[in-house]
Structure formats: C-alpha cells, structure tokens
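*Asks:* Following this line is upload-v7.csv, made up of CSV, N, CA and C atoms:
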```csv
chain,number,residue,atom,x,y,z
O,150,MET,N,75.1,281.2,188.7
O,150,MET,CA,76.0,280.5,187.9
O,150,MET,C,75.4,279.2,187.4
O,151,THR,N,75.5,278.9,186.1
O,151,THR,CA,74.9,277.7,185.6
O,151,THR,C,75.9,276.6,185.6
O,152,SER,N,75.4,275.4,185.8
O,152,SER,CA,76.3,274.2,185.8
O,152,SER,C,76.4,273.6,184.4
O,153,LEU,N,77.4,272.8,184.2
O,153,LEU,CA,77.5,272.1,182.9
O,153,LEU,C,76.3,271.2,182.6
O,154,LYS,N,75.7,270.6,183.6
O,154,LYS,CA,74.6,269.7,183.3
O,154,LYS,C,73.4,270.4,182.7
O,155,GLN,N,73.2,271.7,183.0
O,155,GLN,CA,72.1,272.5,182.5
O,155,GLN,C,72.4,272.9,181.0
O,156,GLN,N,73.7,272.9,180.6
O,156,GLN,CA,74.1,273.4,179.3
O,156,GLN,C,74.3,272.3,178.3
O,157,GLN,N,73.6,271.2,178.3
O,157,GLN,CA,73.8,270.1,177.4
O,157,GLN,C,73.0,270.4,176.2
O,158,GLY,N,73.4,269.7,175.1
O,158,GLY,CA,72.6,269.7,173.9
O,158,GLY,C,73.1,270.6,172.8
O,159,MET,N,72.4,270.6,171.6
O,159,MET,CA,72.7,271.4,170.5
O,159,MET,C,71.9,272.7,170.5
O,160,THR,N,72.4,273.7,169.9
O,160,THR,CA,71.6,274.9,169.7
O,160,THR,C,70.8,274.7,168.4
O,161,PHE,N,69.9,275.6,168.2
O,161,PHE,CA,69.1,275.5,167.0
O,161,PHE,C,69.9,275.7,165.7
O,162,ILE,N,70.8,276.7,165.8
O,162,ILE,CA,71.7,277.0,164.7
O,162,ILE,C,72.6,275.8,164.3
O,163,SER,N,73.2,275.1,165.3
O,163,SER,CA,74.0,274.0,165.0
O,163,SER,C,73.2,272.8,164.4
O,164,LEU,N,72.0,272.7,164.8
O,164,LEU,CA,71.1,271.7,164.3
O,164,LEU,C,70.8,271.9,162.8
O,165,ILE,N,70.5,273.2,162.5
O,165,ILE,CA,70.3,273.6,161.1
O,165,ILE,C,71.5,273.3,160.2
O,166,LEU,N,72.7,273.7,160.8
O,166,LEU,CA,74.0,273.5,160.0
O,166,LEU,C,74.2,272.0,159.8
O,167,LEU,N,73.9,271.2,160.8
O,167,LEU,CA,74.1,269.7,160.6
O,167,LEU,C,73.2,269.2,159.6
O,168,LEU,N,71.9,269.6,159.6
O,168,LEU,CA,71.0,269.1,158.6
O,168,LEU,C,71.3,269.6,157.2
O,169,CYS,N,71.9,270.8,157.1
O,169,CYS,CA,72.3,271.3,155.8
O,169,CYS,C,73.5,270.4,155.2
O,170,LEU,N,74.4,270.1,156.1
O,170,LEU,CA,75.5,269.3,155.7
O,170,LEU,C,75.1,267.9,155.3
O,171,ILE,N,74.2,267.3,156.1
O,171,ILE,CA,73.7,266.0,155.7
O,171,ILE,C,72.9,266.1,154.4
O,172,GLY,N,72.1,267.1,154.2
O,172,GLY,CA,71.4,267.3,152.9
O,172,GLY,C,72.3,267.5,151.7
O,173,PHE,N,73.4,268.2,151.9
O,173,PHE,CA,74.4,268.4,150.8
O,173,PHE,C,75.0,267.1,150.4
O,174,PHE,N,75.4,266.3,151.4
O,174,PHE,CA,76.1,265.0,151.0
O,174,PHE,C,75.1,264.0,150.4
O,175,ALA,N,73.8,264.1,150.9
O,175,ALA,CA,72.8,263.2,150.2
O,175,ALA,C,72.6,263.7,148.8
O,176,LEU,N,72.6,265.0,148.5
O,176,LEU,CA,72.4,265.5,147.2
O,176,LEU,C,73.6,265.0,146.3
O,177,LEU,N,74.8,265.0,146.8
O,177,LEU,CA,76.0,264.5,146.1
O,177,LEU,C,75.8,263.1,145.7
O,178,VAL,N,75.4,262.3,146.7
O,178,VAL,CA,75.2,260.8,146.4
O,178,VAL,C,74.1,260.6,145.3
O,179,LEU,N,73.1,261.4,145.4
O,179,LEU,CA,72.0,261.2,144.4
O,179,LEU,C,72.4,261.7,143.0
O,180,LYS,N,73.4,262.7,142.9
O,180,LYS,CA,73.8,263.1,141.6
O,180,LYS,C,75.0,262.3,141.1
O,181,ILE,N,75.9,261.8,141.9
O,181,ILE,CA,77.0,261.1,141.5
O,181,ILE,C,76.8,259.6,141.3
O,182,GLY,N,75.9,259.1,142.1
O,182,GLY,CA,75.6,257.6,142.1
O,182,GLY,C,75.2,257.1,140.7
O,183,PRO,N,74.3,257.8,140.0
O,183,PRO,CA,73.9,257.3,138.7
O,183,PRO,C,75.1,257.3,137.7
O,184,ILE,N,76.0,258.2,137.9
O,184,ILE,CA,77.2,258.2,137.0
O,184,ILE,C,78.0,256.9,137.1
O,185,TYR,N,78.2,256.5,138.3
O,185,TYR,CA,79.0,255.2,138.6
O,185,TYR,C,78.2,254.0,138.2
O,186,LEU,N,76.8,254.1,138.3
O,186,LEU,CA,76.0,253.0,137.9
O,186,LEU,C,76.1,252.8,136.3
O,187,ASP,N,76.1,253.9,135.6
O,187,ASP,CA,76.3,253.8,134.2
O,187,ASP,C,77.7,253.3,133.8
O,188,HIS,N,78.7,253.7,134.6
O,188,HIS,CA,80.0,253.2,134.3
O,188,HIS,C,80.1,251.7,134.5
O,189,SER,N,79.4,251.2,135.5
O,189,SER,CA,79.4,249.8,135.7
O,189,SER,C,78.8,249.0,134.5
O,190,LYS,N,77.8,249.7,133.9
O,190,LYS,CA,77.2,249.1,132.7
O,190,LYS,C,78.2,249.1,131.6
O,191,ILE,N,79.0,250.1,131.5
O,191,ILE,CA,80.0,250.2,130.4
O,191,ILE,C,81.1,249.1,130.6
O,192,THR,N,81.5,248.9,131.8
O,192,THR,CA,82.5,247.9,132.1
O,192,THR,C,82.0,246.5,131.8
O,193,THR,N,80.7,246.3,132.2
O,193,THR,CA,80.0,245.0,131.9
O,193,THR,C,79.9,244.8,130.4
O,194,ALA,N,79.6,245.8,129.6
O,194,ALA,CA,79.6,245.7,128.2
O,194,ALA,C,80.9,245.3,127.6
O,195,LEU,N,82.0,245.9,128.1
O,195,LEU,CA,83.3,245.6,127.7
O,195,LEU,C,83.7,244.2,128.0
O,196,GLU,N,83.3,243.7,129.2
O,196,GLU,CA,83.6,242.3,129.5
O,196,GLU,C,82.8,241.4,128.7
O,197,ALA,N,81.6,241.7,128.3
O,197,ALA,CA,80.8,240.8,127.4
O,197,ALA,C,81.4,240.8,126.0
O,198,VAL,N,81.9,241.9,125.6
O,198,VAL,CA,82.6,241.9,124.2
O,198,VAL,C,83.9,241.1,124.3
O,199,LYS,N,84.6,241.2,125.4
O,199,LYS,CA,85.8,240.4,125.6
O,199,LYS,C,85.5,238.9,125.5
O,200,GLN,N,84.3,238.4,126.0
O,200,GLN,CA,84.0,237.0,126.0
O,200,GLN,C,83.5,236.5,124.7
O,201,SER,N,83.2,237.4,123.7
O,201,SER,CA,82.7,236.9,122.5
O,201,SER,C,83.8,236.1,121.7
O,202,VAL,N,83.3,235.2,120.8
O,202,VAL,CA,84.1,234.3,120.1
O,202,VAL,C,84.8,235.1,118.9
O,203,ASP,N,86.1,234.8,118.7
O,203,ASP,CA,86.9,235.3,117.6
O,203,ASP,C,86.8,236.8,117.5
O,204,LEU,N,87.0,237.4,118.7
O,204,LEU,CA,87.0,238.9,118.7
O,204,LEU,C,88.1,239.5,117.9
O,205,GLU,N,89.3,238.9,117.9
O,205,GLU,CA,90.4,239.4,117.2
O,205,GLU,C,90.2,239.5,115.7
O,206,SER,N,89.3,238.6,115.2
O,206,SER,CA,89.1,238.6,113.7
O,206,SER,C,88.0,239.5,113.3
O,207,LYS,N,87.3,240.1,114.2
O,207,LYS,CA,86.2,241.0,113.8
O,207,LYS,C,86.7,242.3,113.4
O,208,SER,N,86.0,243.0,112.5
O,208,SER,CA,86.4,244.3,112.1
O,208,SER,C,86.1,245.4,113.1
O,209,GLU,N,86.6,246.5,112.9
O,209,GLU,CA,86.4,247.6,113.9
O,209,GLU,C,84.9,248.0,113.9
O,210,GLN,N,84.3,248.0,112.7
O,210,GLN,CA,82.9,248.3,112.7
O,210,GLN,C,82.0,247.3,113.4
O,211,ASP,N,82.4,246.0,113.3
O,211,ASP,CA,81.6,245.0,114.1
O,211,ASP,C,81.7,245.2,115.6
O,212,ILE,N,82.9,245.5,116.0
O,212,ILE,CA,83.2,245.7,117.5
O,212,ILE,C,82.4,247.0,117.9
O,213,ARG,N,82.4,248.0,117.2
O,213,ARG,CA,81.6,249.2,117.5
O,213,ARG,C,80.1,248.9,117.6
O,214,GLU,N,79.7,248.1,116.6
O,214,GLU,CA,78.3,247.7,116.6
O,214,GLU,C,77.9,246.9,117.8
O,215,MET,N,78.8,246.0,118.2
O,215,MET,CA,78.5,245.2,119.4
O,215,MET,C,78.4,246.1,120.6
O,216,LEU,N,79.3,247.0,120.8
O,216,LEU,CA,79.3,247.9,121.9
O,216,LEU,C,78.0,248.8,121.9
O,217,ARG,N,77.7,249.3,120.7
O,217,ARG,CA,76.5,250.2,120.6
O,217,ARG,C,75.3,249.5,121.0
O,218,LYS,N,75.1,248.2,120.5
O,218,LYS,CA,73.9,247.4,120.9
O,218,LYS,C,73.8,247.2,122.4
O,219,ARG,N,75.0,246.9,123.0
O,219,ARG,CA,75.0,246.7,124.5
O,219,ARG,C,74.7,248.1,125.2
O,220,PHE,N,75.2,249.2,124.7
O,220,PHE,CA,75.0,250.4,125.3
O,220,PHE,C,73.5,250.8,125.2
O,221,ASP,N,72.9,250.6,124.0
O,221,ASP,CA,71.5,250.9,123.8
O,221,ASP,C,70.6,250.0,124.7
O,222,LEU,N,71.0,248.8,124.9
O,222,LEU,CA,70.2,247.9,125.7
O,222,LEU,C,70.2,248.3,127.2
O,223,ASN,N,71.3,248.9,127.6
O,223,ASN,CA,71.4,249.3,129.0
O,223,ASN,C,71.2,250.8,129.2
O,224,TYR,N,70.7,251.5,128.2
O,224,TYR,CA,70.4,252.9,128.3
O,224,TYR,C,71.7,253.8,128.7
O,225,VAL,N,72.8,253.5,128.1
O,225,VAL,CA,74.0,254.2,128.4
O,225,VAL,C,74.0,255.4,127.4
O,226,THR,N,74.1,256.6,127.9
O,226,THR,CA,74.0,257.8,127.1
O,226,THR,C,75.3,258.7,127.2
O,227,ASP,N,76.2,258.3,128.1
O,227,ASP,CA,77.4,259.2,128.3
O,227,ASP,C,78.5,258.9,127.3
O,228,VAL,N,78.5,257.8,126.7
O,228,VAL,CA,79.6,257.4,125.8
O,228,VAL,C,79.1,257.7,124.3
O,229,ARG,N,79.9,258.5,123.6
O,229,ARG,CA,79.7,258.8,122.2
O,229,ARG,C,80.6,257.9,121.3
O,230,ALA,N,80.3,257.9,120.1
O,230,ALA,CA,81.2,257.1,119.1
O,230,ALA,C,82.6,257.5,119.1
O,231,GLN,N,82.8,258.8,119.2
O,231,GLN,CA,84.2,259.4,119.2
O,231,GLN,C,85.0,259.1,120.5
O,232,ASP,N,84.3,258.6,121.5
O,232,ASP,CA,85.0,258.3,122.8
O,232,ASP,C,85.6,256.9,122.7
O,233,ILE,N,85.3,256.1,121.7
O,233,ILE,CA,85.8,254.8,121.6
O,233,ILE,C,86.9,254.7,120.6
O,234,VAL,N,88.1,254.2,121.0
O,234,VAL,CA,89.2,254.1,120.1
O,234,VAL,C,89.6,252.6,120.0
O,235,ILE,N,89.6,252.1,118.8
O,235,ILE,CA,89.9,250.7,118.6
O,235,ILE,C,91.2,250.6,117.8
O,236,THR,N,92.2,249.8,118.4
O,236,THR,CA,93.5,249.6,117.8
O,236,THR,C,93.7,248.1,117.5
O,237,LYS,N,93.9,247.8,116.2
O,237,LYS,CA,94.2,246.4,115.8
O,237,LYS,C,95.5,246.3,115.2
O,238,SER,N,96.3,245.2,115.6
O,238,SER,CA,97.6,245.0,115.0
O,238,SER,C,97.8,243.5,115.0
O,239,GLY,N,97.5,242.8,113.9
O,239,GLY,CA,97.6,241.3,113.9
O,239,GLY,C,96.6,240.7,114.8
O,240,THR,N,97.0,239.9,115.8
O,240,THR,CA,96.0,239.3,116.7
O,240,THR,C,95.8,240.2,117.9
O,241,TYR,N,96.4,241.3,118.0
O,241,TYR,CA,96.3,242.2,119.2
O,241,TYR,C,95.1,243.2,118.9
O,242,LEU,N,94.3,243.3,119.9
O,242,LEU,CA,93.1,244.2,119.8
O,242,LEU,C,93.0,245.0,121.1
O,243,LYS,N,92.9,246.3,121.0
O,243,LYS,CA,92.8,247.2,122.1
O,243,LYS,C,91.6,248.1,121.9
O,244,VAL,N,90.6,248.0,122.8
O,244,VAL,CA,89.5,248.9,122.8
O,244,VAL,C,89.6,249.8,124.0
O,245,GLU,N,89.6,251.1,123.8
O,245,GLU,CA,89.8,252.1,124.8
O,245,GLU,C,88.6,253.1,124.8
O,246,ILE,N,88.0,253.3,125.9
O,246,ILE,CA,86.9,254.2,126.0
O,246,ILE,C,87.2,255.3,127.1
O,247,GLN,N,87.4,256.5,126.6
O,247,GLN,CA,87.7,257.6,127.5
O,247,GLN,C,86.5,258.6,127.3
O,248,TYR,N,85.9,258.9,128.5
O,248,TYR,CA,84.8,259.9,128.4
O,248,TYR,C,84.7,260.6,129.8
O,249,ASP,N,84.1,261.8,129.7
O,249,ASP,CA,83.9,262.7,130.9
O,249,ASP,C,82.4,262.9,131.1
O,250,VAL,N,82.0,263.0,132.3
O,250,VAL,CA,80.6,263.2,132.7
O,250,VAL,C,80.6,264.5,133.6
O,251,ILE,N,79.9,265.5,133.2
O,251,ILE,CA,79.7,266.7,134.0
O,251,ILE,C,78.3,266.8,134.4
O,252,LYS,N,78.0,266.8,135.7
O,252,LYS,CA,76.7,267.0,136.2
O,252,LYS,C,76.6,268.2,137.1
O,253,LYS,N,75.5,269.0,136.9
O,253,LYS,CA,75.3,270.2,137.6
O,253,LYS,C,74.7,269.8,139.0
O,254,ILE,N,75.3,270.4,140.0
O,254,ILE,CA,74.8,270.1,141.4
O,254,ILE,C,73.8,271.1,141.8
O,255,ILE,N,74.3,272.3,142.1
O,255,ILE,CA,73.5,273.4,142.5
O,255,ILE,C,74.0,274.7,141.9
O,256,GLY,N,73.2,275.5,141.3
O,256,GLY,CA,73.7,276.8,140.8
O,256,GLY,C,74.9,276.7,139.8
O,257,ASN,N,76.0,277.2,140.2
O,257,ASN,CA,77.2,277.1,139.3
O,257,ASN,C,78.1,276.1,139.8
O,258,ILE,N,77.7,275.2,140.7
O,258,ILE,CA,78.6,274.1,141.2
O,258,ILE,C,78.3,272.9,140.4
O,259,SER,N,79.3,272.3,139.7
O,259,SER,CA,79.2,271.1,138.9
O,259,SER,C,80.3,270.1,139.4
O,260,VAL,N,80.1,268.9,139.0
O,260,VAL,CA,81.0,267.8,139.3
O,260,VAL,C,81.5,267.2,138.0
O,261,LEU,N,82.8,267.0,137.8
O,261,LEU,CA,83.4,266.4,136.7
O,261,LEU,C,83.9,265.0,137.1
O,262,VAL,N,83.5,264.0,136.3
O,262,VAL,CA,84.0,262.6,136.6
O,262,VAL,C,84.6,262.1,135.3
O,263,GLU,N,85.9,261.7,135.3
O,263,GLU,CA,86.6,261.2,134.1
O,263,GLU,C,86.8,259.7,134.2
O,264,PHE,N,86.5,259.0,133.1
O,264,PHE,CA,86.7,257.6,133.1
O,264,PHE,C,87.6,257.2,131.9
O,265,ASP,N,88.4,256.1,132.1
O,265,ASP,CA,89.3,255.6,131.1
O,265,ASP,C,89.3,254.1,131.2
O,266,ASP,N,88.6,253.4,130.4
O,266,ASP,CA,88.5,251.9,130.4
O,266,ASP,C,89.2,251.3,129.2
O,267,VAL,N,89.9,250.3,129.4
O,267,VAL,CA,90.7,249.6,128.4
O,267,VAL,C,90.4,248.1,128.4
O,268,LEU,N,90.3,247.6,127.2
O,268,LEU,CA,90.1,246.2,127.0
O,268,LEU,C,91.2,245.7,126.0
O,269,GLU,N,92.0,244.8,126.4
O,269,GLU,CA,93.1,244.3,125.5
O,269,GLU,C,92.9,242.8,125.4
O,270,VAL,N,93.0,242.4,124.1
O,270,VAL,CA,92.8,241.0,123.8
O,270,VAL,C,93.9,240.6,122.8
O,271,GLY,N,94.5,239.4,122.9
O,271,GLY,CA,95.5,238.9,121.9
O,271,GLY,C,96.9,239.2,122.4
O,272,GLY,N,97.8,238.9,121.5
O,272,GLY,CA,99.2,239.0,121.9
O,272,GLY,C,100.0,239.9,121.1
```
Turn the structure described in the file into structure tokens.
*Replies:*
Amino acid sequence: MTSLKQQQGMTFISLILLLCLIGFFALLVLKIGPIYLDHSKITTALEAVKQSVDLESKSEQDIREMLRKRFDLNYVTDVRAQDIVITKSGTYLKVEIQYDVIKKIIGNISVLVEFDDVLEVGG
C-alpha cells in the first residue's frame, strides 16, 4: 500500500493542461491588449479636442479634421469616418464615436469588443 507522502505532485497530463491554459490566457492578453491601447488613444484624442479653444463655434468638418489628424498621429485604424457622429445645436456640441473591433484568436474563434465614447460640450 502506498502512503500519501509518496503520491505528491502533478501528473504529466495535468502539467500539460495547466501550460495550455496559461498559454491561452497569454494569447488573449496579447490579442486584446492592443485593442484597449488603441481605445485609450481615442479617448485621449477626444479629451484633446475638448480642450481646444472655441470648440462650439467650429464646424463639423473642422472637428472631424481635428480628430482625423490626432488619429493619424497615433496610428489609430479602428475608427472610420462613419463611426463619428457630430450633433450641434446652438452652443451644445456632442461628438459620439461608436465602433466595434473584431480580432481573430485561433481558427474560428474571434473576439468582439464594442466601444461607445461621447464628448459633450456646451449647454
């Protein structure tokens, strides 16, 4: 009869399963991490536009151009022109960016991340 002290440790199969699990989560971090880094660049661009002088008096085209320049400078490729909705009413300005990012993980497994950022200025 074997005692419990002789039966300590992991089997080879459980070690392989643990390594596969760690590898899968590392892959997820490597695939999803850049999506959130790009999103932080987008929110930084929105905050920079919010800090600009006389934002309420600028035209929709000027605001789009300001955002496009900031996106180009930071290599943001996930946001397209049709994802940006600008609403102006008197001194009230609302800039809304809604976009989705789909990244392929392995085979037919993909991840979908949805973002909705809003900038409101004026009254």
*Asks:* Counting only N, CA and C atoms, which residue out of O:Thr192, O:Val202, O:Leu166, O:Val178 sits closest to Asp266 in chain O?
*Replies:*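 So, comparing all the options, the nearest one is O:Thr192.
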*Asks:* Just give me the gap between atom C of Asp187 in chain O and atom N of Ile255 in chain O in Å, one decimal is fine.
*Replies:*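 Taking atom C of Asp187 in chain O as the start and atom N of Ile255 in chain O as the end point, the length is 21.0 Å.
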*Asks:* Could you check which of O:Ser206, O:Asn223, O:Gln157, O:Gln231 is closest to Lys190 in chain O, using all atoms listed in the file?
*Replies:*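 For Lys190 in chain O, the nearest of the given residues is O:Asn223.
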*Asks:* To one decimal place, how far is atom N of Asp265 in chain O from atom N of Leu179 in chain O in Å?
*Replies:*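 Separation between atom N of Asp265 in chain O and atom N of Leu179 in chain O: 21.0 Å.
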*Asks:* Could you please determine the separation between atom N of Leu222 in chain O and atom C of Lys180 in chain O in Å, to one decimal place?
*Replies:*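 Straight-line distance from atom N of Leu222 in chain O to atom C of Lys180 in chain O works out to 21.5 Å.
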*Asks:* Skip Val260 in chain O itself and residues of its chain fewer than 5 positions away, then list as a list in words all residues within 8 Å of it, counting only N, CA and C atoms.
*Replies:*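 So the residues in contact are Val250, Ile251, Lys252, Lys253, Ile254 and Ile255 of chain O.
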*Asks:* Might you pull out every residue within 8 Å of range 245-249 of chain O, with only C-alpha atoms counted and same-chain residues fewer than 3 positions away left off, and present them as a ChimeraX atom specification?
*Replies:* /O:227-228,232-235,261-268
*Asks:* Mind checking DSSP for range 178-253 of chain O and telling me the strand (DSSP E) residues as number ranges by chain?
*Replies:* O: 233-238, 241-253
